[in-house]
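**Student:** What follows is data_18.cif; its format and atoms are mmCIF, C-alpha atoms.
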data_structure
loop_
_atom_site.group_PDB
_atom_site.id
_atom_site.type_symbol
_atom_site.label_atom_id
_atom_site.label_comp_id
_atom_site.auth_asym_id
_atom_site.auth_seq_id
_atom_site.Cartn_x
_atom_site.Cartn_y
_atom_site.Cartn_z
ATOM 1 C CA MET A 110 18.341 -172.655 82.602
ATOM 2 C CA LYS A 111 14.696 -173.674 83.064
ATOM 3 C CA ILE A 112 15.184 -173.791 86.837
ATOM 4 C CA PHE A 113 16.703 -170.305 86.798
ATOM 5 C CA SER A 114 13.856 -168.971 84.618
ATOM 6 C CA LEU A 115 11.267 -170.451 86.948
ATOM 7 C CA TYR A 116 13.041 -168.939 89.963
ATOM 8 C CA ALA A 117 13.203 -165.545 88.268
ATOM 9 C CA PHE A 118 9.497 -165.748 87.396
ATOM 10 C CA LEU A 119 8.500 -166.678 90.940
ATOM 11 C CA LEU A 120 10.685 -163.931 92.408
ATOM 12 C CA THR A 121 9.203 -161.343 90.049
ATOM 13 C CA PHE A 122 5.672 -162.564 90.812
ATOM 14 C CA PHE A 123 6.325 -162.338 94.561
ATOM 15 C CA LEU A 124 7.734 -158.816 94.354
ATOM 16 C CA VAL A 125 4.891 -157.593 92.151
ATOM 17 C CA ALA A 126 2.315 -159.201 94.466
ATOM 18 C CA CYS A 127 3.862 -157.504 97.509
ATOM 19 C CA GLU A 128 3.971 -154.183 95.692
ATOM 20 C CA GLN A 129 0.318 -154.493 94.648
ATOM 21 C CA GLN A 130 -0.664 -155.528 98.173
ATOM 22 C CA SER A 131 1.074 -152.606 99.858
ATOM 23 C CA SER A 132 -0.101 -150.109 97.228
ATOM 24 C CA THR A 133 -3.725 -150.695 98.277
ATOM 25 C CA SER A 134 -3.017 -148.960 101.601
ATOM 26 C CA GLN A 135 -3.604 -145.217 101.629
ATOM 27 C CA GLN A 136 -1.534 -143.041 103.949
ATOM 28 C CA ALA A 137 -3.065 -140.789 106.592
ATOM 29 C CA ILE A 138 -1.688 -139.042 109.670
ATOM 30 C CA TYR A 139 -2.603 -138.086 113.228
ATOM 31 C CA PHE A 140 -2.528 -134.536 114.581
ATOM 32 C CA TRP A 141 -2.304 -134.587 118.381
ATOM 33 C CA LYS A 142 -1.715 -130.995 119.467
ATOM 34 C CA THR A 143 -4.345 -128.613 120.832
ATOM 35 C CA HIS A 144 -3.964 -125.990 118.085
ATOM 36 C CA LEU A 145 -4.190 -127.171 114.499
ATOM 37 C CA ARG A 146 -2.367 -124.689 112.332
ATOM 38 C CA LEU A 147 -0.235 -126.347 109.671
ATOM 39 C CA SER A 148 3.270 -124.971 109.270
ATOM 40 C CA GLU A 149 5.104 -124.811 105.942
ATOM 41 C CA THR A 150 7.142 -127.845 107.005
ATOM 42 C CA GLN A 151 4.007 -129.822 107.819
ATOM 43 C CA GLU A 152 2.315 -128.793 104.565
ATOM 44 C CA ALA A 153 5.404 -129.852 102.624
ATOM 45 C CA PHE A 154 5.434 -133.227 104.386
ATOM 46 C CA LEU A 155 1.774 -133.853 103.548
ATOM 47 C CA GLN A 156 2.321 -132.943 99.900
ATOM 48 C CA GLN A 157 5.488 -135.010 99.625
ATOM 49 C CA HIS A 158 3.750 -138.106 100.983
ATOM 50 C CA GLN A 159 0.420 -137.388 99.232
ATOM 51 C CA ILE A 160 -1.486 -137.361 102.516
ATOM 52 C CA SER A 161 -4.868 -135.663 102.481
ATOM 53 C CA LYS A 162 -6.546 -137.361 105.452
ATOM 54 C CA ILE A 163 -5.821 -136.158 109.002
ATOM 55 C CA TYR A 164 -7.025 -137.795 112.214
ATOM 56 C CA VAL A 165 -7.426 -134.817 114.543
ATOM 57 C CA ARG A 166 -7.560 -135.187 118.333
ATOM 58 C CA TYR A 167 -10.652 -133.127 119.214
ATOM 59 C CA CYS A 168 -10.179 -133.534 122.972
ATOM 60 C CA ASP A 169 -9.253 -135.874 125.799
ATOM 61 C CA VAL A 170 -11.872 -136.972 128.305
ATOM 62 C CA GLY A 171 -10.999 -137.503 131.959
ATOM 63 C CA LEU A 172 -12.640 -137.217 135.354
ATOM 64 C CA LEU A 173 -13.169 -134.036 137.349
ATOM 65 C CA ASN A 174 -15.037 -134.448 140.639
ATOM 66 C CA ASN A 175 -15.959 -137.955 139.453
ATOM 67 C CA ALA A 176 -17.623 -136.616 136.312
ATOM 68 C CA PRO A 177 -16.269 -137.006 132.745
ATOM 69 C CA VAL A 178 -15.174 -133.687 131.209
ATOM 70 C CA PRO A 179 -13.411 -132.661 127.991
ATOM 71 C CA ILE A 180 -9.742 -131.753 128.421
ATOM 72 C CA ALA A 181 -7.648 -129.534 126.110
ATOM 73 C CA PRO A 182 -10.209 -129.100 123.300
ATOM 74 C CA ILE A 183 -8.892 -128.483 119.803
ATOM 75 C CA GLN A 184 -8.545 -125.086 118.146
ATOM 76 C CA ILE A 185 -8.418 -125.188 114.355
ATOM 77 C CA ASP A 186 -7.125 -122.891 111.644
ATOM 78 C CA THR A 187 -9.228 -124.206 108.794
ATOM 79 C CA MET A 188 -7.228 -122.507 106.033
ATOM 80 C CA GLY A 189 -4.731 -125.374 106.109
ATOM 81 C CA LEU A 190 -7.480 -127.995 105.843
ATOM 82 C CA VAL A 191 -8.780 -127.007 102.408
ATOM 83 C CA GLY A 192 -8.871 -130.133 100.264
ATOM 84 C CA LYS A 193 -8.215 -132.419 103.244
ATOM 85 C CA THR A 194 -10.388 -134.967 105.025
ATOM 86 C CA VAL A 195 -10.699 -134.628 108.799
ATOM 87 C CA VAL A 196 -11.515 -137.491 111.154
ATOM 88 C CA PRO A 197 -12.291 -136.439 114.760
ATOM 89 C CA VAL A 198 -10.528 -138.509 117.428
ATOM 90 C CA ILE A 199 -11.614 -138.567 121.070
ATOM 91 C CA TYR A 200 -9.141 -139.928 123.613
ATOM 92 C CA LEU A 201 -10.955 -141.380 126.612
ATOM 93 C CA LYS A 202 -8.935 -142.071 129.733
ATOM 94 C CA ASN A 203 -9.622 -145.519 131.120
ATOM 95 C CA GLU A 204 -10.577 -143.927 134.468
ATOM 96 C CA VAL A 205 -13.826 -142.758 132.862
ATOM 97 C CA PHE A 206 -15.070 -146.369 132.847
ATOM 98 C CA VAL A 207 -13.716 -147.614 136.181
ATOM 99 C CA GLU A 208 -16.721 -146.733 138.368
ATOM 100 C CA VAL A 209 -19.852 -146.535 136.242
ATOM 101 C CA PRO A 210 -22.965 -145.981 138.377
ATOM 102 C CA ASN A 211 -25.499 -146.991 135.717
ATOM 103 C CA LYS A 212 -26.199 -147.271 131.974
ATOM 104 C CA GLN A 213 -27.499 -143.703 131.880
ATOM 105 C CA TYR A 214 -24.001 -142.480 132.742
ATOM 106 C CA LEU A 215 -22.721 -144.103 129.530
ATOM 107 C CA LYS A 216 -25.658 -142.903 127.421
ATOM 108 C CA THR A 217 -25.189 -139.333 128.627
ATOM 109 C CA LEU A 218 -21.451 -139.462 127.942
ATOM 110 C CA ALA A 219 -22.115 -140.723 124.407
ATOM 111 C CA GLN A 220 -24.714 -138.008 123.783
ATOM 112 C CA HIS A 221 -22.466 -135.235 125.147
ATOM 113 C CA LEU A 222 -19.475 -136.333 123.071
ATOM 114 C CA SER A 223 -21.492 -136.690 119.883
ATOM 115 C CA ALA A 224 -22.923 -133.199 120.482
ATOM 116 C CA TYR A 225 -19.420 -131.868 121.155
ATOM 117 C CA ILE A 226 -18.152 -133.231 117.834
ATOM 118 C CA LYS A 227 -21.101 -131.674 116.032
ATOM 119 C CA GLN A 228 -20.397 -128.318 117.732
ATOM 120 C CA ILE A 229 -16.726 -128.367 116.710
ATOM 121 C CA ASN A 230 -17.637 -129.299 113.144
ATOM 122 C CA ALA A 231 -20.286 -126.575 112.931
ATOM 123 C CA HIS A 232 -17.999 -123.923 114.467
ATOM 124 C CA TYR A 233 -15.201 -124.627 111.991
ATOM 125 C CA HIS A 234 -17.493 -125.493 109.051
ATOM 126 C CA LEU A 235 -16.153 -129.036 108.793
ATOM 127 C CA GLN A 236 -17.858 -132.038 107.243
ATOM 128 C CA THR A 237 -16.832 -135.397 108.682
ATOM 129 C CA ALA A 238 -17.845 -138.923 107.732
ATOM 130 C CA GLU A 239 -16.231 -140.926 110.534
ATOM 131 C CA VAL A 240 -15.074 -140.706 114.138
ATOM 132 C CA GLN A 241 -12.363 -142.581 116.013
ATOM 133 C CA ILE A 242 -12.381 -143.412 119.722
ATOM 134 C CA ASP A 243 -9.055 -143.986 121.466
ATOM 135 C CA CYS A 244 -9.112 -145.809 124.794
ATOM 136 C CA ASP A 245 -6.746 -148.349 126.326
ATOM 137 C CA TRP A 246 -9.476 -150.315 128.050
ATOM 138 C CA THR A 247 -8.814 -153.105 130.552
ATOM 139 C CA LEU A 248 -10.554 -156.311 131.583
ATOM 140 C CA SER A 249 -12.399 -154.445 134.335
ATOM 141 C CA THR A 250 -13.595 -151.603 132.073
ATOM 142 C CA ARG A 251 -14.310 -153.679 128.960
ATOM 143 C CA TYR A 252 -18.089 -153.947 129.296
ATOM 144 C CA ALA A 253 -18.660 -150.309 130.244
ATOM 145 C CA TYR A 254 -16.464 -149.103 127.373
ATOM 146 C CA PHE A 255 -18.153 -151.364 124.834
ATOM 147 C CA ASP A 256 -21.605 -150.238 125.998
ATOM 148 C CA PHE A 257 -20.475 -146.636 125.573
ATOM 149 C CA LEU A 258 -19.398 -147.398 121.982
ATOM 150 C CA LYS A 259 -22.836 -148.837 121.215
ATOM 151 C CA TYR A 260 -24.559 -145.734 122.590
ATOM 152 C CA PHE A 261 -22.124 -143.474 120.736
ATOM 153 C CA LYS A 262 -22.864 -145.267 117.468
ATOM 154 C CA GLU A 263 -26.586 -144.757 118.106
ATOM 155 C CA ALA A 264 -25.994 -141.044 118.723
ATOM 156 C CA LEU A 265 -24.013 -140.643 115.452
ATOM 157 C CA PRO A 266 -25.434 -143.348 113.158
ATOM 158 C CA GLU A 267 -24.359 -141.520 109.995
ATOM 159 C CA GLN A 268 -20.667 -141.645 110.981
ATOM 160 C CA LEU A 269 -18.324 -144.581 110.460
ATOM 161 C CA LEU A 270 -16.842 -145.558 113.832
ATOM 162 C CA SER A 271 -13.357 -146.940 114.494
ATOM 163 C CA ALA A 272 -11.477 -147.715 117.698
ATOM 164 C CA THR A 273 -7.799 -148.005 118.487
ATOM 165 C CA ILE A 274 -6.505 -151.486 119.339
ATOM 166 C CA ARG A 275 -3.309 -152.363 121.238
ATOM 167 C CA LEU A 276 -1.211 -155.448 120.505
ATOM 168 C CA HIS A 277 -2.162 -157.261 123.726
ATOM 169 C CA GLN A 278 -5.848 -156.651 122.942
ATOM 170 C CA VAL A 279 -5.350 -158.489 119.644
ATOM 171 C CA LYS A 280 -3.468 -161.463 121.050
ATOM 172 C CA TYR A 281 -5.834 -161.955 123.980
ATOM 173 C CA PHE A 282 -9.066 -160.792 122.331
ATOM 174 C CA LYS A 283 -11.072 -163.659 123.812
ATOM 175 C CA ASP A 284 -10.371 -162.115 127.212
ATOM 176 C CA THR A 285 -10.177 -158.410 126.386
ATOM 177 C CA GLY A 286 -13.088 -158.510 123.930
ATOM 178 C CA VAL A 287 -13.617 -156.940 120.517
ATOM 179 C CA PRO A 288 -15.093 -153.426 120.450
ATOM 180 C CA PRO A 289 -18.436 -153.010 118.611
ATOM 181 C CA VAL A 290 -17.142 -150.700 115.862
ATOM 182 C CA ASP A 291 -16.830 -150.753 112.079
ATOM 183 C CA TYR A 292 -13.084 -151.375 112.127
ATOM 184 C CA GLY A 293 -10.059 -151.151 114.385
ATOM 185 C CA VAL A 294 -6.735 -149.347 114.118
ATOM 186 C CA LEU A 295 -3.801 -151.363 115.416
ATOM 187 C CA MET A 296 -1.408 -149.092 117.308
ATOM 188 C CA TYR A 297 1.844 -150.749 116.263
ATOM 189 C CA TYR A 298 4.093 -148.960 118.718
ATOM 190 C CA ASN A 299 4.729 -148.409 122.462
ATOM 191 C CA MET A 300 5.621 -152.074 122.790
ATOM 192 C CA GLY A 301 7.566 -152.174 126.016
ATOM 193 C CA LYS A 302 8.340 -150.599 129.345
ATOM 194 C CA ILE A 303 10.198 -147.286 129.332
ATOM 195 C CA THR A 304 13.554 -147.911 130.994
ATOM 196 C CA ALA A 305 16.809 -146.023 131.565
ATOM 197 C CA THR A 306 18.742 -148.412 129.299
ATOM 198 C CA GLY A 307 17.916 -151.427 127.187
ATOM 199 C CA SER A 308 15.477 -151.960 124.337
ATOM 200 C CA ASN A 309 13.455 -149.297 122.533
ATOM 201 C CA SER A 310 10.003 -149.060 124.153
ATOM 202 C CA ILE A 311 8.486 -147.467 121.030
ATOM 203 C CA TYR A 312 9.406 -150.323 118.690
ATOM 204 C CA ASP A 313 11.207 -153.589 119.272
ATOM 205 C CA ARG A 314 10.910 -156.195 116.543
ATOM 206 C CA ASP A 315 11.477 -159.159 118.859
ATOM 207 C CA THR A 316 8.625 -157.970 121.081
ATOM 208 C CA ALA A 317 6.377 -157.341 118.065
ATOM 209 C CA HIS A 318 6.919 -160.885 116.781
ATOM 210 C CA ARG A 319 5.283 -162.283 119.912
ATOM 211 C CA TYR A 320 1.993 -160.802 118.715
ATOM 212 C CA LEU A 321 2.132 -160.943 114.917
ATOM 213 C CA LYS A 322 0.761 -164.473 114.484
ATOM 214 C CA SER A 323 -2.375 -163.459 116.371
ATOM 215 C CA LEU A 324 -3.353 -160.857 113.786
ATOM 216 C CA LYS A 325 -4.979 -163.272 111.321
ATOM 217 C CA LYS A 326 -7.356 -164.514 114.031
ATOM 218 C CA TYR A 327 -8.624 -161.082 115.028
ATOM 219 C CA PRO A 328 -12.321 -160.840 114.054
ATOM 220 C CA LEU A 329 -12.341 -157.104 113.230
ATOM 221 C CA PRO A 330 -10.945 -155.461 110.071
ATOM 222 C CA LEU A 331 -7.733 -153.644 110.961
ATOM 223 C CA ASN A 332 -5.941 -150.603 109.674
ATOM 224 C CA VAL A 333 -2.525 -149.772 111.103
ATOM 225 C CA ALA A 334 -0.905 -146.831 112.913
ATOM 226 C CA LEU A 335 2.899 -146.550 112.760
ATOM 227 C CA PRO A 336 5.190 -144.348 114.893
ATOM 228 C CA MET A 337 6.787 -141.212 113.511
ATOM 229 C CA PHE A 338 7.790 -139.747 116.866
ATOM 230 C CA SER A 339 10.806 -139.874 119.144
ATOM 231 C CA TRP A 340 11.774 -138.979 122.684
ATOM 232 C CA GLY A 341 14.650 -138.965 125.087
ATOM 233 C CA VAL A 342 14.368 -140.937 128.309
ATOM 234 C CA HIS A 343 15.968 -138.859 131.079
ATOM 235 C CA SER A 344 17.095 -140.982 134.027
ATOM 236 C CA SER A 345 19.185 -140.655 137.161
ATOM 237 C CA LYS A 346 20.723 -143.629 138.989
ATOM 238 C CA GLY A 347 18.533 -146.002 137.008
ATOM 239 C CA GLN A 348 15.270 -144.160 137.752
ATOM 240 C CA VAL A 349 13.351 -142.688 134.814
ATOM 241 C CA LEU A 350 12.573 -139.034 135.561
ATOM 242 C CA HIS A 351 10.718 -137.848 132.451
ATOM 243 C CA LEU A 352 10.447 -138.017 128.668
ATOM 244 C CA VAL A 353 11.872 -135.331 126.404
ATOM 245 C CA ASN A 354 9.494 -135.281 123.454
ATOM 246 C CA GLY A 355 10.992 -134.840 120.005
ATOM 247 C CA LEU A 356 14.583 -135.515 121.049
ATOM 248 C CA THR A 357 16.514 -137.437 118.382
ATOM 249 C CA THR A 358 20.021 -138.788 117.931
ATOM 250 C CA SER A 359 20.953 -135.908 115.653
ATOM 251 C CA LYS A 360 19.676 -133.332 118.174
ATOM 252 C CA VAL A 361 21.379 -134.884 121.199
ATOM 253 C CA GLN A 362 24.678 -135.073 119.353
ATOM 254 C CA GLU A 363 24.564 -131.308 118.871
ATOM 255 C CA LEU A 364 24.256 -130.683 122.615
ATOM 256 C CA ALA A 365 27.403 -129.766 124.536
ATOM 257 C CA GLY A 366 28.129 -131.668 127.693
ATOM 258 C CA LEU A 367 26.805 -135.081 126.624
ATOM 259 C CA LEU A 368 28.882 -138.063 125.527
ATOM 260 C CA PRO A 369 27.809 -141.460 124.155
ATOM 261 C CA THR A 370 28.142 -144.461 126.460
ATOM 262 C CA ALA A 371 28.893 -148.099 125.657
ATOM 263 C CA GLU A 372 25.134 -148.714 125.832
ATOM 264 C CA PRO A 373 23.458 -148.212 122.410
ATOM 265 C CA ASN A 374 21.605 -144.889 122.037
ATOM 266 C CA VAL A 375 22.444 -143.819 125.596
ATOM 267 C CA TYR A 376 24.308 -140.590 126.411
ATOM 268 C CA GLU A 377 25.788 -139.473 129.717
ATOM 269 C CA VAL A 378 25.554 -135.904 130.979
ATOM 270 C CA LYS A 379 29.124 -134.706 131.625
ATOM 271 C CA GLU A 380 28.273 -131.056 132.301
ATOM 272 C CA GLN A 381 25.185 -129.703 134.060
ATOM 273 C CA THR A 382 22.714 -128.830 131.291
ATOM 274 C CA TYR A 383 19.339 -127.138 130.979
ATOM 275 C CA TYR A 384 17.160 -128.459 128.174
ATOM 276 C CA GLN A 385 13.551 -127.461 127.516
ATOM 277 C CA GLY A 386 13.320 -126.028 131.022
ATOM 278 C CA ARG A 387 14.628 -129.191 132.713
ATOM 279 C CA LEU A 388 17.883 -129.623 134.605
ATOM 280 C CA TRP A 389 20.162 -132.492 133.609
ATOM 281 C CA GLU A 390 22.706 -133.228 136.331
ATOM 282 C CA VAL A 391 26.194 -134.652 135.802
ATOM 283 C CA GLY A 392 25.914 -138.448 135.627
ATOM 284 C CA ASP A 393 22.302 -138.464 134.377
ATOM 285 C CA LEU A 394 21.547 -140.568 131.307
ATOM 286 C CA ILE A 395 19.582 -139.687 128.176
ATOM 287 C CA LYS A 396 18.384 -142.636 126.105
ATOM 288 C CA ILE A 397 17.151 -141.849 122.604
ATOM 289 C CA GLU A 398 14.149 -143.815 121.389
ATOM 290 C CA GLU A 399 13.173 -143.260 117.765
ATOM 291 C CA VAL A 400 12.050 -145.216 114.708
ATOM 292 C CA SER A 401 13.813 -144.892 111.362
ATOM 293 C CA GLU A 402 12.218 -144.972 107.922
ATOM 294 C CA ALA A 403 13.876 -148.345 107.325
ATOM 295 C CA GLN A 404 12.245 -149.691 110.492
ATOM 296 C CA ARG A 405 8.836 -148.393 109.403
ATOM 297 C CA GLU A 406 9.269 -150.250 106.122
ATOM 298 C CA GLU A 407 10.235 -153.347 108.128
ATOM 299 C CA MET A 408 7.106 -152.934 110.247
ATOM 300 C CA GLN A 409 4.879 -152.654 107.188
ATOM 301 C CA ALA A 410 6.416 -155.766 105.636
ATOM 302 C CA ASP A 411 5.927 -157.792 108.836
ATOM 303 C CA LEU A 412 2.323 -156.620 109.121
ATOM 304 C CA LEU A 413 1.472 -157.394 105.505
ATOM 305 C CA ARG A 414 2.707 -160.942 105.983
ATOM 306 C CA ASN A 415 0.575 -161.463 109.085
ATOM 307 C CA LEU A 416 -2.652 -159.468 108.766
ATOM 308 C CA ALA A 417 -5.747 -161.311 107.551
ATOM 309 C CA ALA A 418 -6.111 -158.665 104.811
ATOM 310 C CA PRO A 419 -3.972 -155.713 103.715
ATOM 311 C CA PRO A 420 -4.871 -152.572 105.691
ATOM 312 C CA LYS A 421 -6.866 -150.046 103.730
ATOM 313 C CA GLU A 422 -5.001 -147.297 105.534
ATOM 314 C CA ILE A 423 -1.650 -146.754 107.247
ATOM 315 C CA ILE A 424 -1.791 -143.843 109.692
ATOM 316 C CA LEU A 425 1.388 -142.138 110.864
ATOM 317 C CA PHE A 426 1.627 -140.864 114.449
ATOM 318 C CA ASP A 427 1.958 -137.959 114.386
ATOM 319 C CA LEU A 428 2.321 -134.742 112.357
ATOM 320 C CA ASN A 429 5.007 -132.634 113.951
ATOM 321 C CA ASP A 430 7.775 -130.232 112.961
#
Would you encode the structure as structure tokens?
**Tutor:**
Amino acid sequence: MKIFSLYAFLLTFFLVACEQQSSTSQQAIYFWKTHLRLSETQEAFLQQHQISKIYVRYCDVGLLNNAPVPIAPIQIDTMGLVGKTVVPVIYLKNEVFVEVPNKQYLKTLAQHLSAYIKQINAHYHLQTAEVQIDCDWTLSTRYAYFDFLKYFKEALPEQLLSATIRLHQVKYFKDTGVPPVDYGVLMYYNMGKITATGSNSIYDRDTAHRYLKSLKKYPLPLNVALPMFSWGVHSSKGQVLHLVNGLTTSKVQELAGLLPTAEPNVYEVKEQTYYQGRLWEVGDLIKIEEVSEAQREEMQADLLRNLAAPPKEIILFDLND
């Protein structure tokens, strides 16, 4: 009886500890479209999950005639943002840092982007307290990107600065470096190669486990981003043709002319079909890649066991209908 009581106590203690640990993480969400106007469905989702903080993609930055330029800047309907916290996110293509002529190039880029954020905030009467930079840097662009972050922080010293971090950049941080920011956001998705059949490229637990033990060693505080998106991988004769954003198992099962194959989550086109302006030929394959709520809970549990400290925030990617 004493052994059973001790076991029950330890089990209860463990469950309570896990619950307390996970409860310290606030939920937030990304918005990645070019026009921010919250629909009734999106508003309902935010209320249901008690989310009041939105990471908004302000623009992408790529090269035009070898010069960095903003791409697809955000348009905002501020009525839906009353009572919500907005964090600007700038996505920088890695190409921006491939051929950097001098330090002034990076300083100017930092000054222009900080001014751009201030312009957007002033135009839409927004107050922001932090900014996030998203860039999948490489070994060859590491130093230029990190110098840019330093200059950007100097240009907006009053703003907290975070940067997105990929799994390989955590595991091999001694090679890839650690960005000079206040904290990182681990993008816990897009873990594998997109293929016509086989494992889910968005989330595969076996792949994730190769990186988890590295998390405790990472020298930067980490929050976490989890996937809330799906797509269909359209392929022909083993060659991936394109991704069908938002396609789910339930949606594909409603489509006429497609039948499931012996391969998990893969459907074969039996009748020529047009979908979202694309032609699916007979014999083409559609592989559904999505992440369930149960898998997101699994991801959170794995992360809590392996992070050096519980994340202060779990950010869902992304807000969609």
**Student:** Determine the residue membership of the PyMOL selection byres ((chain A and resi 416) around 12) for the file above and supply it as an MDAnalysis selection string.
**Tutor:** chainID A and resid 130:131 279 295 320:333 408:415 417:421
**Student:** One number please: atom CA of A:Ile180 to atom CA of A:Tyr298, in Å, one decimal.
**Tutor:** 24.1 Å
**Student:** Mind telling me what the PyMOL selection byres ((chain A and resi 161) around 12) catches here, as a list in words?
**Tutor:**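 Those residues are Gln135, Gln136, Ala137, Ile138, Tyr139, Gln151, Glu152, Ala153, Phe154, Leu155, Gln156, Gln157, His158, Gln159, Ile160, Lys162, Ile163, Tyr164, Gly189, Leu190, Val191, Gly192, Lys193, Thr194, Val195, Val196 and Ile424 of chain A.
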**Student:** In Å, rounded to a single decimal, give me how far atom CA of A:Leu215 is from atom CA of A:His234.
**Tutor:**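 Answer for the atom CA of A:His234 to atom CA of A:Leu215 separation: 28.2 Å.
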**Student:** List the residues matched by the PyMOL selection byres ((chain A and resi 252) around 12) in the displayed structure as a short mmCIF file (atom, residue, chain, number, x, y, z; two decimals) with C-alpha atoms, keeping the file's coordinate frame, ordered by chain and then by residue number.
**Tutor:**
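Full text of selection-v2.cif as output:
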data_model
loop_
_atom_site.label_atom_id
_atom_site.label_comp_id
_atom_site.auth_asym_id
_atom_site.auth_seq_id
_atom_site.Cartn_x
_atom_site.Cartn_y
_atom_site.Cartn_z
CA PHE A 206 -15.07 -146.37 132.85
CA VAL A 207 -13.72 -147.61 136.18
CA GLU A 208 -16.72 -146.73 138.37
CA VAL A 209 -19.85 -146.54 136.24
CA LYS A 212 -26.20 -147.27 131.97
CA LEU A 215 -22.72 -144.10 129.53
CA TRP A 246 -9.48 -150.32 128.05
CA THR A 247 -8.81 -153.10 130.55
CA LEU A 248 -10.55 -156.31 131.58
CA SER A 249 -12.40 -154.44 134.34
CA THR A 250 -13.60 -151.60 132.07
CA ARG A 251 -14.31 -153.68 128.96
CA ALA A 253 -18.66 -150.31 130.24
CA TYR A 254 -16.46 -149.10 127.37
CA PHE A 255 -18.15 -151.36 124.83
CA ASP A 256 -21.60 -150.24 126.00
CA PHE A 257 -20.48 -146.64 125.57
CA LEU A 258 -19.40 -147.40 121.98
CA LYS A 259 -22.84 -148.84 121.22
CA ASP A 284 -10.37 -162.12 127.21
CA THR A 285 -10.18 -158.41 126.39
CA GLY A 286 -13.09 -158.51 123.93
CA VAL A 287 -13.62 -156.94 120.52
CA PRO A 288 -15.09 -153.43 120.45
CA PRO A 289 -18.44 -153.01 118.61
#
**Student:** For A:Asn174, which residue out of A:Ala305, A:Val205, A:Leu269, A:Thr150 is the nearest one, using all atoms listed in the file?
**Tutor:**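 Of A:Ala305, A:Val205, A:Leu269, A:Thr150, the one nearest A:Asn174 is A:Val205, counting all atoms listed in the file.
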**Student:** Looking at A:Tyr312, A:Tyr233, A:Tyr200, A:Tyr260, which one is nearest to A:Leu218, with distances taken over all atoms listed in the file?
**Tutor:** A:Tyr260
**Student:** Distance atom CA of A:Leu201-atom CA of A:Asp169, one decimal place?
**Tutor:**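 So the two atoms, atom CA of A:Leu201 and atom CA of A:Asp169, lie 5.8 Å apart.
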**Student:** Nearest to A:Glu406 among A:Ala371, A:Met337, A:His318, A:Val290, with distances taken over all atoms listed in the file: which residue is it?
**Tutor:** A:Met337
**Student:** Please determine, counting only C-alpha atoms, which residue among A:Asp315, A:Glu204, A:Glu149, A:Glu399 has the shortest atom-to-atom distance to A:Asn175.
**Tutor:**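 Among the listed residues, the smallest separation from A:Asn175 belongs to A:Glu204.
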**Student:** Nearest to A:Arg146 among A:Lys280, A:Val165, A:Ala181, A:Asp186, with distances taken over all atoms listed in the file: which residue is it?
**Tutor:** A:Asp186
**Student:** Given all atoms listed in the file, how would the per-residue table for stretch 216-335 of chain A near stretch 390-395 of chain A read, listing every residue at most 12 Å away with its closest atom pair and distance in Å to one decimal, sorted by chain and number, as JSON lines?
**Tutor:**
{"residue": "A:Thr304", "atom": "CA", "partner": "A:Ile395", "partner_atom": "CA", "distance": 10.6}
{"residue": "A:Ala305", "atom": "CA", "partner": "A:Leu394", "partner_atom": "CA", "distance": 7.2}
{"residue": "A:Thr306", "atom": "CA", "partner": "A:Leu394", "partner_atom": "CA", "distance": 8.6}
{"residue": "A:Gly307", "atom": "CA", "partner": "A:Ile395", "partner_atom": "CA", "distance": 11.9}
**Student:** Residues near A:Phe338, anyone? I mean within 9 Å using only C-alpha atoms, not counting same-chain ones fewer than 5 positions away, as a list in words.
**Tutor:** Ile311, Asn354, Gly355, Glu398, Glu399, Val400, Phe426, Asp427, Leu428 and Asn429 of chain A
**Student:** Taking only residues of stretch 263-372 of chain A that have an atom at most 12 Å from an atom of stretch 222-230 of chain A, what is each one's shortest atom pair and its distance in Å to one decimal, using all atoms listed in the file, in chain and number order, as CSV?
**Tutor:**
residue,atom,partner,partner_atom,distance
A:Glu263,CA,A:Ser223,CA,9.7
A:Ala264,CA,A:Ser223,CA,6.4
A:Leu265,CA,A:Ser223,CA,6.5
A:Pro266,CA,A:Ser223,CA,10.3
A:Glu267,CA,A:Ser223,CA,11.4
A:Gln268,CA,A:Ser223,CA,10.2
A:Leu270,CA,A:Ser223,CA,11.7
**Student:** So, with all atoms listed in the file as the atoms that count, which of A:Arg275, A:Pro369, A:Leu364, A:Ile303 lies closest to A:Tyr383?
**Tutor:** A:Leu364
**Student:** Padding of 3 Å on every side, edges along x, y and z, all listed atoms of stretch 132-146 of chain A included: what centre and edge lengths in Å, to one decimal, does that box have, as lines of an AutoDock Vina configuration file?
**Tutor:**
center_x = -2.2
center_y = -137.7
center_z = 109.0
size_x = 10.2
size_y = 32.0
size_z = 29.6
